[in-house]
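Report on the following structure.
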Amino acid sequence: MKKFLLFACVLLTIACQSHAQKTIQGHKWETVDITFIANGHIAKPFQVDLSATFQAPDGSQLTVPGFYNDNNTWLVRFNPNQEGTWTSVSTSSIKKLNGVTHIIEVSPVQADVHGGITVSKTDPQKLVYEDGSPYNLVANEVDWLFALDYGNPNLTKTKTLVEAISANGYNQIIMNVYAYDLDWTQSENIDPKWDFGSKKEIFPFLGDNEYPDYSALNVDFFKHYDRVIDLLEDHGISAHIMIYVWNKMVNWPEANSEADNMYFDYVVKRYQAKSNVVWDISKEALRYGYDDPNYITERIDRLKALDAYKRLVTVHDFEYCEANPDKVDIISAQFWHSDIYSKMLNLKAEYPNKPIINLENGAYEACQYDIFLDSNYSHPISAIERNYQCAFAGTYTSYYWQGMAWNVVIYDPFAEEVTVQPKFEYYKHFQAFLDKVNFEKLQPTNRYNSSGYCLANTEDGEFVYYMPKANSALAVKGLPKAEKLEIQWFNPLTGIYTEPYQVDFKSWLVVNPKFKGVDNVFIVKLINRKQ
């Protein structure tokens, strides 16, 4: 675990009466916060224009917008992508904040820091970090993560949950900026300590959700949100930030109003410099009658105009992504179909230049309470099976546990009192498997298998097979000729691998499942490939 001191933002307070040049220190791909202070009364501080233009060592420039941080203080949040000496100069509608210059000395990247998440240059359907290392996305949805420790800077509950999530292979949390409560029926016996809905003290504007004051934002809310995002970054977890949500009883300001734009712009300005951020305009974006596609398109254009770092953006609504694939960087689906593999495979073929994630695959693993009665696949084994099927279609997927996905957040999921605990370990094995087989190099195919599913890396002579437990056998067929085939079996539920063994090459090789009563995975490698 990276120490917080290594990731602490470097703060520089600029005396606005003097424009003397200041030098600050930073590291490549780590956030530097530059603080500006103006004296006197500022009538509308959230409307103050402030930005800084940074010049990189190679001469390129980056202009980053600033944001108000309370008490006549503004921040410009900077994330350098080059080591060496950077310079910057500010531009502001406040005279004393205008023309302030800095020197930023950027040291080499620190261990375990890989930069932001982006699309691979060699395969536009795969995600990588800025340094080119693979990002094998395994997401976990925790909508109310912002609420667990509101008012507690130590983030005691949040740390407990995030550490459990991180230790089990998840590298992205899908989360709201804000949500209020649910309007569907849940168990009546839920322990109140797990219920984070209807918390009046938590609201991104002044006032509260029932009696909002849209004249200004609640900066303390966002300072708390900063700590949550930083905690995720410290654990190597990306934050899939859903800026809005329409079905969680939030009293949002009118769309396109001054308050709406103030909120949206503020979120983008405040979090764009964080390397671990992925944008999502809204959960349930075209549902519930709040907006229309034109509004979502306008929000995307607005975000892209503000975001100097060009973080990836998607929309939690397949209808929108399907109609507007050129507006999003990632196609988000919500496919619950029983033939999910075929659906995701078809989607991959339909959008050959976009990464694809099934944000909701219909599997909502059960907890000890009735949280979401409409779940189609609540058994933990059916849930992990659907995740593997998405992966074997060459796409990304996500996980829901009903004990933490919505307003009920069992933040200590392995405590003795939690009688139905999540099967996080399945996803630890899942992530380790994706890393082991170099998922970023694999492509789905039906050419080399008689049934089940197959991923192939023909360049390196590696083939990965998924055999559903209904199969009594599976034929490996049509592989490029080789002297031998090396076979290794994998149990997705236990994470156990057999010792690899070799067999003579056959153009049609029938194999039987190694592990009884579960789906089997096996890896085939060509030995002494023949031309």
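As shown in the structure tokens, the chain order sets the letters A, B, ...; within each chain, residues go from 1, and ligands are also counted from 1 in the order they appear.
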
Could you pull out the residues in region 270-409 of chain A that DSSP calls helix (DSSP H, G or I) from the backbone, as a short mmCIF file (atom, residue, chain, number, x, y, z; two decimals) with all heavy atoms, in the first residue's frame?
data_model
loop_
_atom_site.label_atom_id
_atom_site.label_comp_id
_atom_site.auth_asym_id
_atom_site.auth_seq_id
_atom_site.Cartn_x
_atom_site.Cartn_y
_atom_site.Cartn_z
N ARG A 270 -12.74 20.20 -10.30
CA ARG A 270 -12.10 19.75 -9.06
C ARG A 270 -11.42 18.39 -9.21
O ARG A 270 -10.38 18.14 -8.57
CB ARG A 270 -13.11 19.71 -7.92
CG ARG A 270 -12.47 19.45 -6.56
CD ARG A 270 -13.36 19.80 -5.40
NE ARG A 270 -12.58 19.74 -4.17
CZ ARG A 270 -12.44 20.71 -3.28
NH1 ARG A 270 -13.05 21.86 -3.47
NH2 ARG A 270 -11.71 20.55 -2.20
N TYR A 271 -11.96 17.51 -10.06
CA TYR A 271 -11.47 16.13 -10.07
C TYR A 271 -10.76 15.73 -11.37
O TYR A 271 -10.23 14.62 -11.44
CB TYR A 271 -12.61 15.17 -9.74
CG TYR A 271 -13.12 15.43 -8.35
CD1 TYR A 271 -14.33 16.06 -8.14
CD2 TYR A 271 -12.32 15.14 -7.25
CE1 TYR A 271 -14.76 16.36 -6.86
CE2 TYR A 271 -12.74 15.44 -5.96
CZ TYR A 271 -13.97 16.06 -5.77
OH TYR A 271 -14.37 16.38 -4.50
N PRO A 293 -31.62 13.19 -24.70
CA PRO A 293 -30.27 13.00 -25.25
C PRO A 293 -29.52 14.30 -25.53
O PRO A 293 -28.28 14.33 -25.41
CB PRO A 293 -30.53 12.22 -26.54
CG PRO A 293 -31.82 11.51 -26.30
CD PRO A 293 -32.63 12.43 -25.45
N ASN A 294 -30.24 15.35 -25.90
CA ASN A 294 -29.57 16.62 -26.18
C ASN A 294 -28.87 17.17 -24.94
O ASN A 294 -27.78 17.75 -25.03
CB ASN A 294 -30.57 17.64 -26.71
CG ASN A 294 -31.09 17.27 -28.08
OD1 ASN A 294 -30.39 16.62 -28.86
ND2 ASN A 294 -32.31 17.67 -28.40
N TYR A 295 -29.50 16.99 -23.78
CA TYR A 295 -28.90 17.46 -22.53
C TYR A 295 -27.62 16.67 -22.24
O TYR A 295 -26.59 17.26 -21.87
CB TYR A 295 -29.90 17.32 -21.39
CG TYR A 295 -29.35 17.68 -20.03
CD1 TYR A 295 -29.17 19.01 -19.66
CD2 TYR A 295 -29.02 16.70 -19.10
CE1 TYR A 295 -28.68 19.35 -18.40
CE2 TYR A 295 -28.54 17.02 -17.85
CZ TYR A 295 -28.36 18.35 -17.51
OH TYR A 295 -27.87 18.67 -16.27
N ILE A 296 -27.67 15.36 -22.39
CA ILE A 296 -26.49 14.54 -22.14
C ILE A 296 -25.37 14.92 -23.09
O ILE A 296 -24.20 15.05 -22.69
CB ILE A 296 -26.83 13.05 -22.27
CG1 ILE A 296 -27.87 12.65 -21.22
CG2 ILE A 296 -25.57 12.20 -22.14
CD1 ILE A 296 -27.42 12.82 -19.79
N THR A 297 -25.70 15.15 -24.35
CA THR A 297 -24.69 15.56 -25.33
C THR A 297 -24.08 16.90 -24.94
O THR A 297 -22.85 17.09 -25.01
CB THR A 297 -25.29 15.64 -26.74
OG1 THR A 297 -25.73 14.33 -27.13
CG2 THR A 297 -24.28 16.14 -27.75
N GLU A 298 -24.92 17.82 -24.52
CA GLU A 298 -24.41 19.13 -24.09
C GLU A 298 -23.50 18.98 -22.88
O GLU A 298 -22.45 19.64 -22.78
CB GLU A 298 -25.59 20.05 -23.75
CG GLU A 298 -25.18 21.48 -23.40
CD GLU A 298 -24.80 21.67 -21.93
OE1 GLU A 298 -25.30 20.89 -21.08
OE2 GLU A 298 -23.99 22.58 -21.64
N ARG A 299 -23.84 18.09 -21.95
CA ARG A 299 -23.00 17.86 -20.77
C ARG A 299 -21.63 17.28 -21.18
O ARG A 299 -20.59 17.66 -20.63
CB ARG A 299 -23.67 16.90 -19.80
CG ARG A 299 -24.95 17.40 -19.13
CD ARG A 299 -24.72 18.50 -18.12
NE ARG A 299 -24.97 19.83 -18.65
CZ ARG A 299 -25.01 20.95 -17.92
NH1 ARG A 299 -24.81 20.88 -16.61
NH2 ARG A 299 -25.24 22.11 -18.49
N ILE A 300 -21.65 16.35 -22.12
CA ILE A 300 -20.38 15.77 -22.58
C ILE A 300 -19.51 16.84 -23.22
O ILE A 300 -18.31 16.95 -22.94
CB ILE A 300 -20.63 14.62 -23.57
CG1 ILE A 300 -21.29 13.44 -22.85
CG2 ILE A 300 -19.32 14.17 -24.22
CD1 ILE A 300 -21.70 12.31 -23.78
N ASP A 301 -20.10 17.65 -24.09
CA ASP A 301 -19.33 18.72 -24.74
C ASP A 301 -18.80 19.71 -23.71
O ASP A 301 -17.66 20.19 -23.82
CB ASP A 301 -20.22 19.44 -25.76
CG ASP A 301 -20.56 18.58 -26.96
OD1 ASP A 301 -19.87 17.57 -27.18
OD2 ASP A 301 -21.52 18.92 -27.68
N ARG A 302 -19.62 19.98 -22.72
CA ARG A 302 -19.22 20.91 -21.66
C ARG A 302 -18.05 20.33 -20.87
O ARG A 302 -17.08 21.03 -20.56
CB ARG A 302 -20.42 21.18 -20.76
CG ARG A 302 -20.26 22.33 -19.79
CD ARG A 302 -21.53 22.55 -18.97
NE ARG A 302 -21.41 23.76 -18.19
CZ ARG A 302 -21.90 24.95 -18.54
NH1 ARG A 302 -22.54 25.08 -19.68
NH2 ARG A 302 -21.73 26.01 -17.76
N LEU A 303 -18.14 19.05 -20.55
CA LEU A 303 -17.07 18.38 -19.80
C LEU A 303 -15.77 18.40 -20.59
O LEU A 303 -14.69 18.73 -20.06
CB LEU A 303 -17.49 16.95 -19.47
CG LEU A 303 -16.52 16.10 -18.64
CD1 LEU A 303 -17.30 15.11 -17.77
CD2 LEU A 303 -15.55 15.33 -19.51
N LYS A 304 -15.85 18.06 -21.87
CA LYS A 304 -14.63 17.98 -22.68
C LYS A 304 -13.99 19.35 -22.86
O LYS A 304 -12.76 19.44 -23.00
CB LYS A 304 -14.95 17.33 -24.02
CG LYS A 304 -15.27 15.84 -23.90
CD LYS A 304 -15.51 15.20 -25.25
CE LYS A 304 -15.72 13.70 -25.10
NZ LYS A 304 -15.97 13.03 -26.41
N ALA A 305 -14.80 20.39 -22.87
CA ALA A 305 -14.24 21.74 -22.97
C ALA A 305 -13.51 22.15 -21.70
O ALA A 305 -12.57 22.95 -21.74
CB ALA A 305 -15.35 22.74 -23.29
N LEU A 306 -13.93 21.59 -20.54
CA LEU A 306 -13.34 21.95 -19.26
C LEU A 306 -12.18 21.05 -18.86
O LEU A 306 -11.26 21.49 -18.16
CB LEU A 306 -14.41 21.87 -18.16
CG LEU A 306 -15.41 23.01 -18.05
CD1 LEU A 306 -16.53 22.64 -17.08
CD2 LEU A 306 -14.72 24.29 -17.59
N PHE A 318 -27.15 2.56 -22.14
CA PHE A 318 -26.77 1.99 -23.43
C PHE A 318 -27.52 2.64 -24.58
O PHE A 318 -26.97 2.78 -25.68
CB PHE A 318 -27.00 0.48 -23.45
CG PHE A 318 -26.66 -0.14 -24.78
CD1 PHE A 318 -25.36 -0.09 -25.26
CD2 PHE A 318 -27.64 -0.72 -25.56
CE1 PHE A 318 -25.04 -0.63 -26.50
CE2 PHE A 318 -27.33 -1.26 -26.80
CZ PHE A 318 -26.03 -1.22 -27.27
N GLU A 319 -28.75 3.05 -24.34
CA GLU A 319 -29.52 3.69 -25.41
C GLU A 319 -28.78 4.92 -25.93
O GLU A 319 -28.70 5.16 -27.13
CB GLU A 319 -30.91 4.08 -24.90
CG GLU A 319 -31.79 4.74 -25.93
CD GLU A 319 -33.15 5.16 -25.38
OE1 GLU A 319 -33.51 4.69 -24.28
OE2 GLU A 319 -33.83 5.98 -26.03
N TYR A 320 -28.21 5.70 -25.00
CA TYR A 320 -27.46 6.88 -25.43
C TYR A 320 -26.17 6.47 -26.14
O TYR A 320 -25.85 6.99 -27.21
CB TYR A 320 -27.13 7.79 -24.25
CG TYR A 320 -26.38 9.03 -24.72
CD1 TYR A 320 -27.06 10.14 -25.17
CD2 TYR A 320 -24.98 9.03 -24.79
CE1 TYR A 320 -26.38 11.26 -25.66
CE2 TYR A 320 -24.29 10.13 -25.28
CZ TYR A 320 -25.00 11.23 -25.72
OH TYR A 320 -24.32 12.32 -26.22
N CYS A 321 -25.41 5.55 -25.54
CA CYS A 321 -24.15 5.12 -26.16
C CYS A 321 -24.37 4.53 -27.54
O CYS A 321 -23.58 4.77 -28.46
CB CYS A 321 -23.45 4.11 -25.25
SG CYS A 321 -22.88 4.77 -23.68
N GLU A 322 -25.44 3.76 -27.69
CA GLU A 322 -25.75 3.14 -28.97
C GLU A 322 -26.04 4.18 -30.04
O GLU A 322 -25.61 4.06 -31.19
CB GLU A 322 -26.95 2.21 -28.80
CG GLU A 322 -27.37 1.47 -30.06
CD GLU A 322 -28.58 0.59 -29.82
OE1 GLU A 322 -29.47 1.00 -29.04
OE2 GLU A 322 -28.65 -0.49 -30.41
N ALA A 323 -26.75 5.24 -29.66
CA ALA A 323 -27.12 6.28 -30.62
C ALA A 323 -26.00 7.29 -30.85
O ALA A 323 -25.98 7.96 -31.90
CB ALA A 323 -28.37 7.01 -30.14
N PRO A 325 -22.20 6.83 -30.33
CA PRO A 325 -20.92 6.21 -29.96
C PRO A 325 -19.73 7.15 -30.09
O PRO A 325 -18.74 6.98 -29.37
CB PRO A 325 -20.81 5.02 -30.93
CG PRO A 325 -21.69 5.38 -32.09
CD PRO A 325 -22.82 6.16 -31.50
N ASP A 326 -19.82 8.13 -30.96
CA ASP A 326 -18.69 9.04 -31.15
C ASP A 326 -18.57 10.06 -30.01
O ASP A 326 -17.54 10.74 -29.90
CB ASP A 326 -18.82 9.79 -32.48
CG ASP A 326 -18.65 8.87 -33.68
OD1 ASP A 326 -18.04 7.79 -33.50
OD2 ASP A 326 -19.14 9.20 -34.77
N LYS A 327 -19.59 10.16 -29.16
CA LYS A 327 -19.54 11.12 -28.06
C LYS A 327 -18.90 10.53 -26.80
O LYS A 327 -18.54 11.27 -25.89
CB LYS A 327 -20.95 11.61 -27.71
CG LYS A 327 -21.69 12.29 -28.85
CD LYS A 327 -20.95 13.51 -29.40
CE LYS A 327 -20.86 14.64 -28.40
NZ LYS A 327 -20.24 15.84 -29.00
N ILE A 340 -25.76 -13.81 -22.27
CA ILE A 340 -24.96 -12.59 -22.13
C ILE A 340 -23.67 -12.66 -22.95
O ILE A 340 -23.22 -11.64 -23.48
CB ILE A 340 -24.66 -12.31 -20.63
CG1 ILE A 340 -24.02 -10.92 -20.47
CG2 ILE A 340 -23.82 -13.39 -20.02
CD1 ILE A 340 -23.91 -10.48 -19.04
N TYR A 341 -23.09 -13.84 -23.07
CA TYR A 341 -21.86 -13.96 -23.87
C TYR A 341 -22.12 -13.52 -25.31
O TYR A 341 -21.36 -12.71 -25.87
CB TYR A 341 -21.35 -15.40 -23.84
CG TYR A 341 -20.23 -15.67 -24.81
CD1 TYR A 341 -18.92 -15.26 -24.53
CD2 TYR A 341 -20.47 -16.31 -26.02
CE1 TYR A 341 -17.89 -15.50 -25.43
CE2 TYR A 341 -19.44 -16.55 -26.93
CZ TYR A 341 -18.16 -16.14 -26.63
OH TYR A 341 -17.15 -16.36 -27.52
N SER A 342 -23.17 -14.03 -25.91
CA SER A 342 -23.48 -13.69 -27.31
C SER A 342 -23.80 -12.21 -27.45
O SER A 342 -23.37 -11.56 -28.41
CB SER A 342 -24.66 -14.53 -27.81
OG SER A 342 -24.33 -15.89 -27.83
N LYS A 343 -24.52 -11.67 -26.47
CA LYS A 343 -24.88 -10.25 -26.53
C LYS A 343 -23.63 -9.37 -26.47
O LYS A 343 -23.49 -8.40 -27.22
CB LYS A 343 -25.83 -9.90 -25.40
CG LYS A 343 -27.20 -10.55 -25.49
CD LYS A 343 -27.97 -10.04 -26.70
CE LYS A 343 -29.38 -10.64 -26.74
NZ LYS A 343 -30.13 -10.21 -27.95
N MET A 344 -22.72 -9.71 -25.59
CA MET A 344 -21.51 -8.91 -25.46
C MET A 344 -20.58 -9.11 -26.65
O MET A 344 -19.91 -8.17 -27.11
CB MET A 344 -20.79 -9.26 -24.15
CG MET A 344 -21.59 -8.93 -22.89
SD MET A 344 -22.18 -7.21 -22.81
CE MET A 344 -20.65 -6.33 -22.62
N LEU A 345 -20.55 -10.33 -27.19
CA LEU A 345 -19.74 -10.59 -28.38
C LEU A 345 -20.25 -9.78 -29.57
O LEU A 345 -19.46 -9.18 -30.32
CB LEU A 345 -19.78 -12.08 -28.70
CG LEU A 345 -18.72 -12.62 -29.67
CD1 LEU A 345 -17.33 -12.46 -29.09
CD2 LEU A 345 -19.01 -14.08 -29.99
N ASN A 346 -21.56 -9.72 -29.72
CA ASN A 346 -22.14 -8.91 -30.80
C ASN A 346 -21.84 -7.43 -30.60
O ASN A 346 -21.58 -6.70 -31.56
CB ASN A 346 -23.65 -9.14 -30.87
CG ASN A 346 -24.01 -10.53 -31.35
OD1 ASN A 346 -23.19 -11.21 -31.96
ND2 ASN A 346 -25.22 -10.97 -31.06
N LEU A 347 -21.88 -7.00 -29.35
CA LEU A 347 -21.60 -5.60 -29.05
C LEU A 347 -20.15 -5.26 -29.39
O LEU A 347 -19.85 -4.19 -29.93
CB LEU A 347 -21.88 -5.33 -27.57
CG LEU A 347 -22.14 -3.89 -27.15
CD1 LEU A 347 -23.34 -3.32 -27.88
CD2 LEU A 347 -22.36 -3.83 -25.64
N LYS A 348 -19.26 -6.17 -29.08
CA LYS A 348 -17.84 -5.96 -29.41
C LYS A 348 -17.64 -5.82 -30.91
O LYS A 348 -16.85 -4.99 -31.38
CB LYS A 348 -17.00 -7.12 -28.86
CG LYS A 348 -15.50 -6.90 -28.97
CD LYS A 348 -14.75 -8.03 -28.31
CE LYS A 348 -13.26 -7.72 -28.20
NZ LYS A 348 -12.60 -7.52 -29.49
N ALA A 349 -18.37 -6.62 -31.68
CA ALA A 349 -18.26 -6.54 -33.14
C ALA A 349 -18.88 -5.26 -33.68
O ALA A 349 -18.40 -4.69 -34.68
CB ALA A 349 -18.93 -7.75 -33.78
N GLU A 350 -19.91 -4.78 -33.02
CA GLU A 350 -20.62 -3.59 -33.49
C GLU A 350 -19.81 -2.32 -33.26
O GLU A 350 -19.92 -1.36 -34.03
CB GLU A 350 -21.96 -3.48 -32.76
CG GLU A 350 -22.87 -2.38 -33.29
CD GLU A 350 -24.23 -2.38 -32.63
OE1 GLU A 350 -24.52 -3.31 -31.84
OE2 GLU A 350 -25.02 -1.46 -32.91
N PRO A 380 -24.09 -16.09 -5.78
CA PRO A 380 -22.72 -15.63 -6.08
C PRO A 380 -22.05 -16.38 -7.22
O PRO A 380 -21.25 -15.81 -7.95
CB PRO A 380 -21.97 -15.83 -4.76
CG PRO A 380 -22.83 -16.72 -3.94
CD PRO A 380 -24.22 -16.48 -4.36
N ILE A 381 -22.38 -17.66 -7.39
CA ILE A 381 -21.76 -18.41 -8.49
C ILE A 381 -22.32 -17.96 -9.83
O ILE A 381 -21.56 -17.79 -10.80
CB ILE A 381 -21.95 -19.93 -8.28
CG1 ILE A 381 -21.14 -20.38 -7.06
CG2 ILE A 381 -21.50 -20.69 -9.53
CD1 ILE A 381 -21.25 -21.86 -6.76
N SER A 382 -23.62 -17.72 -9.90
CA SER A 382 -24.17 -17.21 -11.17
C SER A 382 -23.60 -15.84 -11.48
O SER A 382 -23.37 -15.50 -12.65
CB SER A 382 -25.70 -17.15 -11.11
OG SER A 382 -26.15 -16.19 -10.16
N ALA A 383 -23.31 -15.04 -10.45
CA ALA A 383 -22.74 -13.71 -10.66
C ALA A 383 -21.33 -13.79 -11.26
O ALA A 383 -21.02 -13.12 -12.24
CB ALA A 383 -22.72 -12.93 -9.35
N ILE A 384 -20.48 -14.64 -10.68
CA ILE A 384 -19.11 -14.71 -11.20
C ILE A 384 -19.10 -15.35 -12.58
O ILE A 384 -18.30 -14.99 -13.45
CB ILE A 384 -18.18 -15.46 -10.22
CG1 ILE A 384 -16.71 -15.37 -10.69
CG2 ILE A 384 -18.59 -16.91 -10.05
CD1 ILE A 384 -16.15 -13.96 -10.75
N GLU A 385 -20.00 -16.30 -12.83
CA GLU A 385 -20.06 -16.90 -14.16
C GLU A 385 -20.39 -15.86 -15.22
O GLU A 385 -19.82 -15.88 -16.32
CB GLU A 385 -21.11 -18.02 -14.17
CG GLU A 385 -20.68 -19.26 -13.41
CD GLU A 385 -21.79 -20.29 -13.26
OE1 GLU A 385 -22.94 -19.99 -13.66
OE2 GLU A 385 -21.51 -21.39 -12.76
N ARG A 386 -21.29 -14.94 -14.91
CA ARG A 386 -21.65 -13.91 -15.89
C ARG A 386 -20.47 -12.95 -16.12
O ARG A 386 -20.29 -12.43 -17.22
CB ARG A 386 -22.89 -13.16 -15.42
CG ARG A 386 -24.14 -14.04 -15.46
CD ARG A 386 -25.38 -13.33 -14.97
NE ARG A 386 -25.81 -12.26 -15.88
CZ ARG A 386 -26.48 -12.46 -17.00
NH1 ARG A 386 -26.79 -13.69 -17.40
NH2 ARG A 386 -26.84 -11.43 -17.74
N ASN A 387 -19.68 -12.72 -15.10
CA ASN A 387 -18.50 -11.88 -15.28
C ASN A 387 -17.48 -12.56 -16.21
O ASN A 387 -16.89 -11.90 -17.07
CB ASN A 387 -17.88 -11.55 -13.93
CG ASN A 387 -18.57 -10.39 -13.24
OD1 ASN A 387 -18.19 -9.24 -13.40
ND2 ASN A 387 -19.60 -10.69 -12.46
N TYR A 388 -17.28 -13.86 -16.04
CA TYR A 388 -16.37 -14.58 -16.94
C TYR A 388 -16.89 -14.57 -18.37
O TYR A 388 -16.12 -14.44 -19.33
CB TYR A 388 -16.16 -16.01 -16.45
CG TYR A 388 -15.03 -16.16 -15.47
CD1 TYR A 388 -15.28 -16.13 -14.10
CD2 TYR A 388 -13.72 -16.31 -15.89
CE1 TYR A 388 -14.25 -16.24 -13.18
CE2 TYR A 388 -12.68 -16.43 -14.99
CZ TYR A 388 -12.95 -16.40 -13.63
OH TYR A 388 -11.92 -16.50 -12.72
N GLN A 389 -18.20 -14.71 -18.53
CA GLN A 389 -18.75 -14.71 -19.88
C GLN A 389 -18.53 -13.37 -20.57
O GLN A 389 -18.23 -13.32 -21.77
CB GLN A 389 -20.24 -15.07 -19.83
CG GLN A 389 -20.48 -16.53 -19.49
CD GLN A 389 -21.96 -16.85 -19.29
OE1 GLN A 389 -22.79 -16.48 -20.11
NE2 GLN A 389 -22.27 -17.53 -18.21
N CYS A 390 -18.65 -12.28 -19.83
CA CYS A 390 -18.34 -10.97 -20.41
C CYS A 390 -16.87 -10.88 -20.81
O CYS A 390 -16.54 -10.38 -21.89
CB CYS A 390 -18.69 -9.86 -19.42
SG CYS A 390 -20.46 -9.58 -19.16
N ALA A 391 -15.99 -11.37 -19.94
CA ALA A 391 -14.56 -11.32 -20.24
C ALA A 391 -14.22 -12.18 -21.45
O ALA A 391 -13.41 -11.79 -22.29
CB ALA A 391 -13.75 -11.76 -19.02
N PHE A 392 -14.83 -13.36 -21.55
CA PHE A 392 -14.53 -14.22 -22.69
C PHE A 392 -15.14 -13.70 -23.99
O PHE A 392 -14.79 -14.18 -25.07
CB PHE A 392 -14.97 -15.66 -22.40
CG PHE A 392 -13.89 -16.48 -21.76
CD1 PHE A 392 -13.61 -16.34 -20.40
CD2 PHE A 392 -13.11 -17.34 -22.51
CE1 PHE A 392 -12.59 -17.06 -19.81
CE2 PHE A 392 -12.09 -18.07 -21.93
CZ PHE A 392 -11.81 -17.94 -20.58
#

Using only C-alpha atoms, which residue out of A:Gly197, A:Pro422, A:Gly207, A:Pro253 lies closest to Trp406 (chain A)?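 So, comparing all the options, the nearest one is A:Gly197.
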
Close residues, Pro108 (chain A) itself excluded, 10 Å, only C-alpha atoms, min 3 positions apart in chain, as a PyMOL selection string: chain A and resi 26-29+81-84+111

What does the file look like for those residues with N, CA, C and O atoms, as a compact mmCIF listing (two decimals), in the first residue's frame?
# COMPACT_ATOMS: atom_id res chain seq x y z
N GLY A 26 7.04 18.28 -7.26
CA GLY A 26 6.02 17.28 -7.52
C GLY A 26 6.62 16.05 -8.16
O GLY A 26 7.83 15.98 -8.40
N HIS A 27 5.77 15.08 -8.44
CA HIS A 27 6.18 13.86 -9.12
C HIS A 27 5.30 13.65 -10.34
O HIS A 27 4.13 14.06 -10.38
N LYS A 28 5.87 13.02 -11.35
CA LYS A 28 5.12 12.71 -12.55
C LYS A 28 3.86 11.91 -12.21
O LYS A 28 3.90 10.97 -11.44
N TRP A 29 2.72 12.35 -12.79
CA TRP A 29 1.40 11.70 -12.66
C TRP A 29 0.85 11.76 -11.24
O TRP A 29 0.00 10.98 -10.87
N ASN A 81 2.55 15.23 -16.69
CA ASN A 81 2.81 13.96 -17.38
C ASN A 81 4.24 13.85 -17.90
O ASN A 81 4.56 12.92 -18.63
N GLN A 82 5.08 14.81 -17.51
CA GLN A 82 6.50 14.78 -17.87
C GLN A 82 7.32 15.17 -16.65
O GLN A 82 6.91 16.01 -15.86
N GLU A 83 8.49 14.55 -16.50
CA GLU A 83 9.40 15.00 -15.47
C GLU A 83 10.24 16.15 -16.01
O GLU A 83 10.36 16.34 -17.22
N GLY A 84 10.79 16.94 -15.11
CA GLY A 84 11.58 18.10 -15.51
C GLY A 84 10.97 19.38 -14.97
O GLY A 84 10.12 19.37 -14.08
N ALA A 111 7.13 4.51 -7.59
CA ALA A 111 6.71 3.11 -7.78
C ALA A 111 5.20 2.98 -7.65
O ALA A 111 4.57 3.66 -6.84

Pick from A:Lys269, A:Tyr135, A:Leu161, A:Asp33: nearest to Leu50 (chain A), with only C-alpha atoms counted?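 Smallest separation from Leu50 (chain A) among the options: A:Lys269.
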
Spatial neighbours of Val245 (chain A), max dist 8 Å, only C-alpha atoms, sep filter under 5 positions, as a PyMOL selection string: chain A and resi 176+178-179+250+282-285

Residues within 10 Å of Ile190 (chain A), only C-alpha atoms, excluding chain neighbours under 2 positions, as a ChimeraX atom specification: /A:186-188,192-195,368-371,408

Can you tell me, as a ChimeraX atom specification, which residues in region 368-423 of chain A count as strand (DSSP E or B) by DSSP? /A:377,396-401,408

Take CA of Val315 (chain A) and CA of Trp144 (chain A) and report the distance between them in Å, one decimal.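 Separation between CA of Val315 (chain A) and CA of Trp144 (chain A): 18.7 Å.
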
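The nearest approach to Leu62 (chain A) among the residues A:Gln402, A:Gln47, A:Thr87, A:Thr445, with only C-alpha atoms taken into account, belongs to A:Thr87.
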
Taking 2 positions as the minimum chain separation for residues in the same chain, which residues sit within 10 Å of Leu127 (chain A) when counting only C-alpha atoms? Answer as number ranges by chain. A: 117-121, 123-125, 129-130, 132-137, 330, 354-356, 396, 440

Skipping near chain neighbours, those fewer than 3 positions away, what residues fall within 7 Å of region 466-469 of chain A using only C-alpha atoms, listed as a ChimeraX atom specification? /A:452-454,474,517-522

What is the CA of Leu359 (chain A)-CA of Ser451 (chain A) distance in Å, reported with one decimal? 26.5 Å
